[in-house]
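A.B. asks: Sharing start_36.txt below, compact mmCIF, C-alpha atoms:
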# COMPACT_ATOMS: atom_id res chain seq x y z
CA MET A 1 17.78 28.42 -8.00
CA ALA A 2 15.50 29.61 -5.23
CA ASP A 3 16.27 28.29 -1.77
CA VAL A 4 14.38 25.14 -0.79
CA ARG A 5 13.66 24.83 2.92
CA LEU A 6 12.69 21.71 4.83
CA LEU A 7 11.47 21.63 8.45
CA VAL A 8 11.88 18.46 10.51
CA VAL A 9 9.84 18.30 13.73
CA ASP A 10 10.54 15.62 16.35
CA ASP A 11 11.06 15.66 20.11
CA ALA A 12 13.83 13.03 19.79
CA SER A 13 17.12 14.81 19.03
CA PHE A 14 18.83 11.76 17.54
CA ILE A 15 15.97 11.29 15.07
CA ARG A 16 16.19 14.94 14.00
CA ASP A 17 19.96 14.73 13.58
CA LEU A 18 19.80 11.56 11.54
CA VAL A 19 16.98 12.75 9.30
CA LYS A 20 18.87 15.99 8.67
CA ARG A 21 22.02 14.11 7.81
CA VAL A 22 20.44 11.76 5.28
CA ILE A 23 18.59 14.63 3.59
CA LYS A 24 21.76 16.71 3.37
CA SER A 25 23.80 13.77 2.10
CA LYS A 26 21.48 13.19 -0.87
CA LEU A 27 19.94 16.63 -1.44
CA PRO A 28 22.68 18.99 -0.21
CA ALA A 29 21.11 22.10 -1.78
CA ILE A 30 18.18 21.92 0.65
CA GLU A 31 18.27 24.10 3.74
CA VAL A 32 17.15 22.02 6.71
CA GLU A 33 15.79 23.51 9.93
CA GLU A 34 14.52 21.69 13.00
CA ALA A 35 11.95 22.07 15.73
CA VAL A 36 12.02 20.17 19.02
CA ASN A 37 8.24 20.21 19.43
CA GLY A 38 4.97 21.35 17.86
CA LYS A 39 4.98 24.80 19.48
CA ARG A 40 8.45 25.58 18.17
CA ALA A 41 7.32 24.36 14.73
CA LEU A 42 4.36 26.78 14.76
CA SER A 43 6.67 29.63 15.69
CA LEU A 44 8.98 28.87 12.75
CA LEU A 45 6.11 28.31 10.32
CA GLY A 46 4.71 31.70 11.24
CA LYS A 47 7.93 33.45 10.24
CA VAL A 48 9.65 31.31 7.58
CA ASP A 49 8.35 29.94 4.29
CA PHE A 50 9.05 26.21 4.10
CA ASP A 51 8.72 24.00 1.02
CA ILE A 52 8.07 20.78 2.95
CA VAL A 53 7.52 19.68 6.56
CA LEU A 54 8.44 16.29 8.05
CA CYS A 55 6.77 15.86 11.42
CA ASP A 56 6.48 13.16 14.04
CA TRP A 57 2.96 12.35 15.23
CA GLU A 58 3.55 11.58 18.90
CA MET A 59 5.09 14.56 20.71
CA PRO A 60 4.41 16.11 24.13
CA GLU A 61 2.14 19.18 24.47
CA MET A 62 1.24 19.32 20.77
CA SER A 63 0.97 16.32 18.45
CA GLY A 64 1.97 16.19 14.82
CA LEU A 65 -1.70 15.95 13.90
CA GLU A 66 -2.37 19.23 15.71
CA VAL A 67 0.53 20.85 13.84
CA LEU A 68 -0.94 19.63 10.55
CA GLN A 69 -4.42 20.88 11.40
CA TRP A 70 -3.03 24.30 12.39
CA MET A 71 -1.09 24.55 9.12
CA ARG A 72 -4.12 23.71 7.02
CA GLY A 73 -5.98 26.57 8.69
CA GLN A 74 -3.32 29.19 7.87
CA ASP A 75 -3.14 31.00 4.53
CA ARG A 76 0.65 31.17 4.84
CA CYS A 77 1.21 27.41 4.93
CA LYS A 78 -2.05 25.66 4.05
CA GLN A 79 -0.50 24.39 0.79
CA VAL A 80 2.87 23.35 2.24
CA PRO A 81 3.46 19.60 1.73
CA PHE A 82 3.34 17.71 5.04
CA ILE A 83 4.81 14.22 5.54
CA MET A 84 3.78 12.53 8.78
CA ILE A 85 6.45 10.31 10.35
CA THR A 86 5.06 7.90 12.92
CA SER A 87 4.74 4.37 14.21
CA ARG A 88 0.95 4.80 14.10
CA ILE A 89 0.13 2.84 10.98
CA ASP A 90 -3.33 1.55 11.92
CA LYS A 91 -6.10 2.36 9.46
CA GLU A 92 -7.93 4.78 11.76
CA TYR A 93 -4.81 6.91 12.24
CA VAL A 94 -4.10 7.01 8.52
CA ILE A 95 -7.69 8.09 7.84
CA GLN A 96 -7.42 10.78 10.50
CA ALA A 97 -4.24 12.16 8.93
CA VAL A 98 -5.69 12.08 5.41
CA GLN A 99 -8.83 13.90 6.53
CA SER A 100 -6.64 16.58 8.12
CA GLY A 101 -4.79 17.17 4.86
CA VAL A 102 -1.58 15.13 5.13
CA THR A 103 0.43 14.94 1.91
CA ASP A 104 2.14 11.64 2.58
CA TYR A 105 2.83 9.21 5.38
CA ILE A 106 5.90 7.21 6.38
CA GLY A 107 5.90 4.63 9.15
CA LYS A 108 8.64 3.90 11.64
CA PRO A 109 10.99 2.22 11.24
CA PHE A 110 12.00 3.43 7.78
CA SER A 111 15.08 3.22 5.59
CA ASN A 112 16.92 6.18 4.11
CA GLU A 113 15.69 5.08 0.68
CA GLN A 114 12.08 5.31 1.83
CA LEU A 115 12.66 8.71 3.41
CA ILE A 116 14.46 10.18 0.41
CA ASN A 117 11.90 8.75 -2.03
CA LYS A 118 9.04 10.33 -0.09
CA VAL A 119 10.73 13.72 0.05
CA ALA A 120 11.88 13.59 -3.58
CA LYS A 121 8.42 12.60 -4.80
CA VAL A 122 6.89 15.66 -3.16
CA LEU A 123 9.61 18.12 -4.17
CA ALA A 124 9.78 16.87 -7.78
CA LYS A 125 6.38 18.46 -8.45
CA LYS A 126 7.82 21.97 -8.18
CA HIS A 127 11.62 21.64 -8.02
CA ASP A 128 14.47 20.22 -10.08
CA LEU A 129 15.84 17.25 -8.15
CA ARG A 130 19.07 17.36 -10.15
CA ALA A 131 19.73 20.86 -8.88
CA LEU A 132 18.87 19.89 -5.30
CA ALA A 133 21.30 16.96 -5.49
CA ARG A 134 24.15 19.14 -6.73
CA ARG A 135 27.11 19.87 -4.54
CA ASP A 136 28.83 23.22 -5.02
CA ASP A 137 32.20 21.59 -5.72
CA GLN A 138 30.95 19.03 -8.25
CA PRO A 139 29.48 19.28 -11.76
CA LEU A 140 25.85 18.42 -12.41
CA GLN A 141 24.87 15.63 -14.78
CA ALA A 142 21.42 15.32 -16.30
CA ALA A 143 19.18 12.79 -14.58
CA GLN A 144 17.24 10.43 -16.80
CA GLY A 145 14.13 8.32 -16.32
CA ASN A 146 12.45 8.31 -12.93
CA PRO A 147 13.45 11.51 -11.06
CA LEU A 148 13.81 9.44 -7.91
CA GLN A 149 16.52 7.39 -9.59
CA ALA A 150 18.88 10.30 -10.45
CA GLN A 151 22.09 9.31 -12.17
CA ALA A 152 25.30 9.52 -10.17
CA ILE A 153 27.16 12.82 -10.00
CA GLN A 154 30.79 11.75 -10.13
CA PRO A 155 29.74 8.18 -9.11
CA ALA A 156 32.83 7.45 -7.05
CA LYS A 157 31.83 10.23 -4.64
CA ILE A 158 28.05 10.79 -4.73
CA GLN A 159 25.13 8.50 -5.52
CA GLY A 160 21.71 9.48 -6.80
CA VAL A 161 18.73 10.39 -4.67
CA ALA A 162 17.45 6.86 -4.13
CA ALA A 163 20.64 4.90 -4.74
CA ASP A 164 20.96 2.96 -1.51
CA SER A 165 18.65 1.48 1.08
CA VAL A 166 20.86 1.62 4.14
CA SER A 167 18.76 2.72 7.14
CA VAL A 168 18.43 6.51 7.95
CA LEU A 169 20.04 5.66 11.29
CA THR A 170 23.12 3.65 10.15
CA GLY A 171 25.15 6.38 8.55
CA GLY A 172 25.96 3.97 5.71
CA LYS A 173 27.08 5.11 2.26
CA SER A 174 26.40 3.58 -1.12
CA ALA A 175 29.05 2.04 -3.29
CA GLY A 176 29.78 3.34 -6.75
CA SER A 177 27.44 0.75 -8.25
CA GLY A 178 24.49 1.86 -6.12
CA ARG A 179 24.39 -1.40 -4.18
CA LYS A 180 23.66 -1.33 -0.45
CA VAL A 181 26.80 -1.61 1.63
CA ALA A 182 27.63 -1.30 5.28
CA SER A 183 29.27 1.85 6.55
CA SER A 184 32.26 -0.23 7.55
CA ASN A 185 33.47 -3.81 7.22
CA ALA A 186 33.99 -3.97 10.96
CA PRO A 187 31.42 -5.97 12.98
CA LYS A 188 28.66 -3.84 14.45
CA GLY A 189 28.44 -5.84 17.65
CA LEU A 190 27.45 -9.16 19.20
CA ALA A 191 24.03 -10.75 19.46
CA GLN A 192 22.22 -13.97 20.20
CA LEU A 193 19.83 -15.43 17.66
CA ARG A 194 16.94 -17.38 19.18
CA LEU A 195 14.87 -19.70 17.01
CA PRO A 196 11.92 -22.06 17.65
CA ASP A 197 12.53 -25.31 19.53
CA ASN A 198 14.85 -23.50 21.99
CA VAL A 199 17.62 -23.21 19.43
CA THR A 200 20.07 -20.40 20.22
CA ALA A 201 23.22 -19.27 18.46
CA ARG A 202 25.85 -16.68 19.28
CA CYS A 203 26.49 -14.41 16.30
CA VAL A 204 28.22 -11.30 15.03
CA ILE A 205 26.18 -8.38 13.71
CA LYS A 206 27.47 -7.70 10.20
CA ASP A 207 24.95 -4.95 9.44
CA ILE A 208 21.91 -3.53 11.19
CA SER A 209 19.16 -0.96 10.69
CA LEU A 210 15.78 -0.31 12.26
CA GLN A 211 14.25 -2.74 9.79
CA GLU A 212 16.65 -5.68 9.66
CA ALA A 213 19.91 -7.22 10.78
CA THR A 214 22.44 -9.34 8.94
CA LEU A 215 24.06 -11.83 11.29
CA VAL A 216 27.02 -14.16 10.85
CA VAL A 217 26.38 -17.49 12.58
CA LYS A 218 28.47 -20.63 12.93
CA THR A 219 26.85 -23.76 11.50
CA GLU A 220 27.15 -25.73 14.73
CA GLU A 221 23.43 -26.34 15.12
CA ARG A 222 20.61 -26.55 12.61
CA VAL A 223 20.54 -23.98 9.83
CA PRO A 224 17.76 -21.38 10.29
CA LYS A 225 14.77 -21.77 8.01
CA VAL A 226 13.52 -18.98 5.80
CA LEU A 227 10.30 -17.38 7.15
CA GLU A 228 10.55 -18.95 10.60
CA SER A 229 10.21 -16.64 13.60
CA ALA A 230 13.35 -15.34 15.26
CA VAL A 231 14.41 -13.13 18.16
CA VAL A 232 17.63 -11.11 18.08
CA ASP A 233 19.09 -10.23 21.48
CA ILE A 234 21.46 -7.34 20.78
CA GLU A 235 24.32 -6.65 23.16
CA GLN A 236 26.37 -3.54 23.85
CA GLU A 237 30.00 -3.54 24.85
CA GLY A 238 30.43 -5.54 28.00
CA GLY A 239 27.44 -7.77 27.26
CA LYS A 240 24.73 -5.28 28.18
CA GLN A 241 21.50 -6.28 26.46
CA VAL A 242 19.84 -3.55 24.39
CA ALA A 243 16.60 -5.20 23.34
CA ARG A 244 15.03 -8.48 22.36
CA VAL A 245 13.74 -7.67 18.89
CA ASN A 246 11.20 -9.98 17.24
CA GLY A 247 11.39 -10.80 13.56
CA PHE A 248 11.54 -13.54 10.98
CA VAL A 249 14.31 -15.14 8.93
CA PHE A 250 14.29 -13.44 5.54
CA SER A 251 17.27 -15.16 3.94
CA VAL A 252 20.10 -17.60 4.65
CA GLN A 253 23.32 -17.65 2.68
CA ALA A 254 26.61 -19.51 2.97
CA SER A 255 29.58 -17.27 3.66
CA GLU A 256 31.78 -19.29 1.29
CA ARG A 257 31.25 -21.10 -2.01
CA SER A 258 31.61 -24.44 -0.31
CA ALA A 259 29.22 -27.03 1.08
CA SER A 260 31.47 -27.22 4.14
CA SER A 261 31.26 -23.50 4.89
CA GLU A 262 31.69 -22.99 8.63
CA PHE A 263 29.70 -19.75 8.73
CA ILE A 264 26.38 -18.62 7.31
CA SER A 265 24.86 -15.18 6.85
CA VAL A 266 21.33 -14.83 8.22
CA LYS A 267 19.16 -11.81 7.47
CA VAL A 268 16.39 -11.18 10.02
CA VAL A 269 13.62 -8.68 9.25
CA PHE A 270 12.21 -7.01 12.36
CA VAL A 271 8.45 -6.94 12.95
CA ASP A 272 8.25 -5.27 16.38
CA ASN A 273 6.23 -2.07 16.75
CA ASP A 274 6.99 -1.66 20.44
CA PRO A 275 8.04 2.01 21.04
CA GLU A 276 10.49 1.07 23.80
CA LYS A 277 12.23 -1.50 21.61
CA PHE A 278 12.28 0.97 18.73
CA GLU A 279 13.94 3.60 20.91
CA ALA A 280 16.52 1.17 22.28
CA LEU A 281 17.33 -0.11 18.81
CA SER A 282 17.49 3.45 17.47
CA HIS A 283 20.06 4.44 20.11
CA PHE A 284 22.11 1.34 19.40
CA VAL A 285 22.19 1.93 15.64
CA ALA A 286 22.80 5.66 16.07
CA GLY A 287 25.84 4.82 18.18
CA LEU A 288 27.40 3.06 15.19
CA ARG A 289 27.81 6.30 13.25
Could I get this structure in the form of structure tokens?
C.D. replies:
Amino acid sequence: MADVRLLVVDDASFIRDLVKRVIKSKLPAIEVEEAVNGKRALSLLGKVDFDIVLCDWEMPEMSGLEVLQWMRGQDRCKQVPFIMITSRIDKEYVIQAVQSGVTDYIGKPFSNEQLINKVAKVLAKKHDLRALARRDDQPLQAAQGNPLQAQAIQPAKIQGVAADSVSVLTGGKSAGSGRKVASSNAPKGLAQLRLPDNVTARCVIKDISLQEATLVVKTEERVPKVLESAVVDIEQEGGKQVARVNGFVFSVQASERSASSEFISVKVVFVDNDPEKFEALSHFVAGLR
């Protein structure tokens, strides 16, 4: 099989590292290279043939849009698939990217499932995803059905391309059944859940990504209502506050099969698009690796 090369371009080192890791964990046959900015990306693109480029939009000196426009003007890489990664999801930005020749678009924050699905969808047009998912020390099984839903290769060790939906920044791994699981059973930290009517509750973070958090809360006050607004104040060791992240209550579940359960599990989906909160949350989740 010919080498498949992917270039990830982002000025944030922790984003590059985490994107590389999730790609390599699911598609280990891909060779991943990185560029810290647009100028470095142009230098690499002028010398190396890449099969796909993942690039952030907002970077100093040269934006992702400028990288895309340069690529589309070069015979060497005008046909190379380009996936824009950005928090700019407004219609005018999407139109601008489409007019410049973007292949696909993924908004921040994103899960590893979304990232892998986007990459696999593009690569499946010219490459065998089963081969890209193969590890040298493990046999290859034939994938069936949707190429994005590849069957497990020795299921106890490796899951298919789109098997789990743990965030690209959590470092989580899928269980043998393909269900989403946390990277560890240990609590991820402490937080305070704030609800309407000045209701607050101390809680433990059971799982967290850039998109959502699962919190364990004692049933001392009123039970949170599904779809009501919520704010999660995340704390670091020693009580240092990371960010106040806005969201809404997605689900509420008793921790035990009993009407007298002392604890409940509350899933909060984040809705913030604030870059500063995104960066703070990204650092927090990255530190859980």
A.B. asks: Find the residue from A:Glu31, A:Leu215, A:Ser209, A:Ile85 that sits nearest to A:Leu115; use only C-alpha atoms when measuring.
C.D. replies: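 Selected residue with least distance to A:Leu115: A:Ile85.
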A.B. asks: In Å to one decimal, how far is atom CA of A:Leu54 from atom CA of A:Ile30?
C.D. replies: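 Result for atom CA of A:Ile30 versus atom CA of A:Leu54: 13.5 Å, one decimal.
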A.B. asks: Rounded to one decimal in Å, what is the spacing between atom CA of A:Ser111 and atom CA of A:Val223?
C.D. replies: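 Atom CA of A:Val223 lies at a distance of 28.1 Å from atom CA of A:Ser111.
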A.B. asks: Could you tell me how far atom CA of A:Arg40 lies from atom CA of A:Ala120, in Å and to one decimal?
C.D. replies: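 So the two atoms, atom CA of A:Arg40 and atom CA of A:Ala120, lie 25.1 Å apart.
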A.B. asks: Could you tell me which of A:Leu129, A:Arg16, A:Ile234, A:Ser43 comes closest to A:Asn117 if we count all atoms listed in the file?
C.D. replies: A:Leu129
A.B. asks: Residues near A:Ile106, anyone? I mean within 10 Å using all atoms listed in the file, not counting same-chain ones fewer than 6 positions away, as a list in words.
C.D. replies: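 With the cut-off at 10 Å, the set is Leu54, Asp56, Ile83, Met84, Ile85, Thr86, Ser87, Arg88, Ile89, Gln114, Leu115 and Lys118 of chain A.
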A.B. asks: When you count only C-alpha atoms, which of these residues is closest to A:Gln69: A:Val48, A:Leu210, A:Ala97, A:Phe278?
C.D. replies: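 The closest residue to A:Gln69 is A:Ala97.
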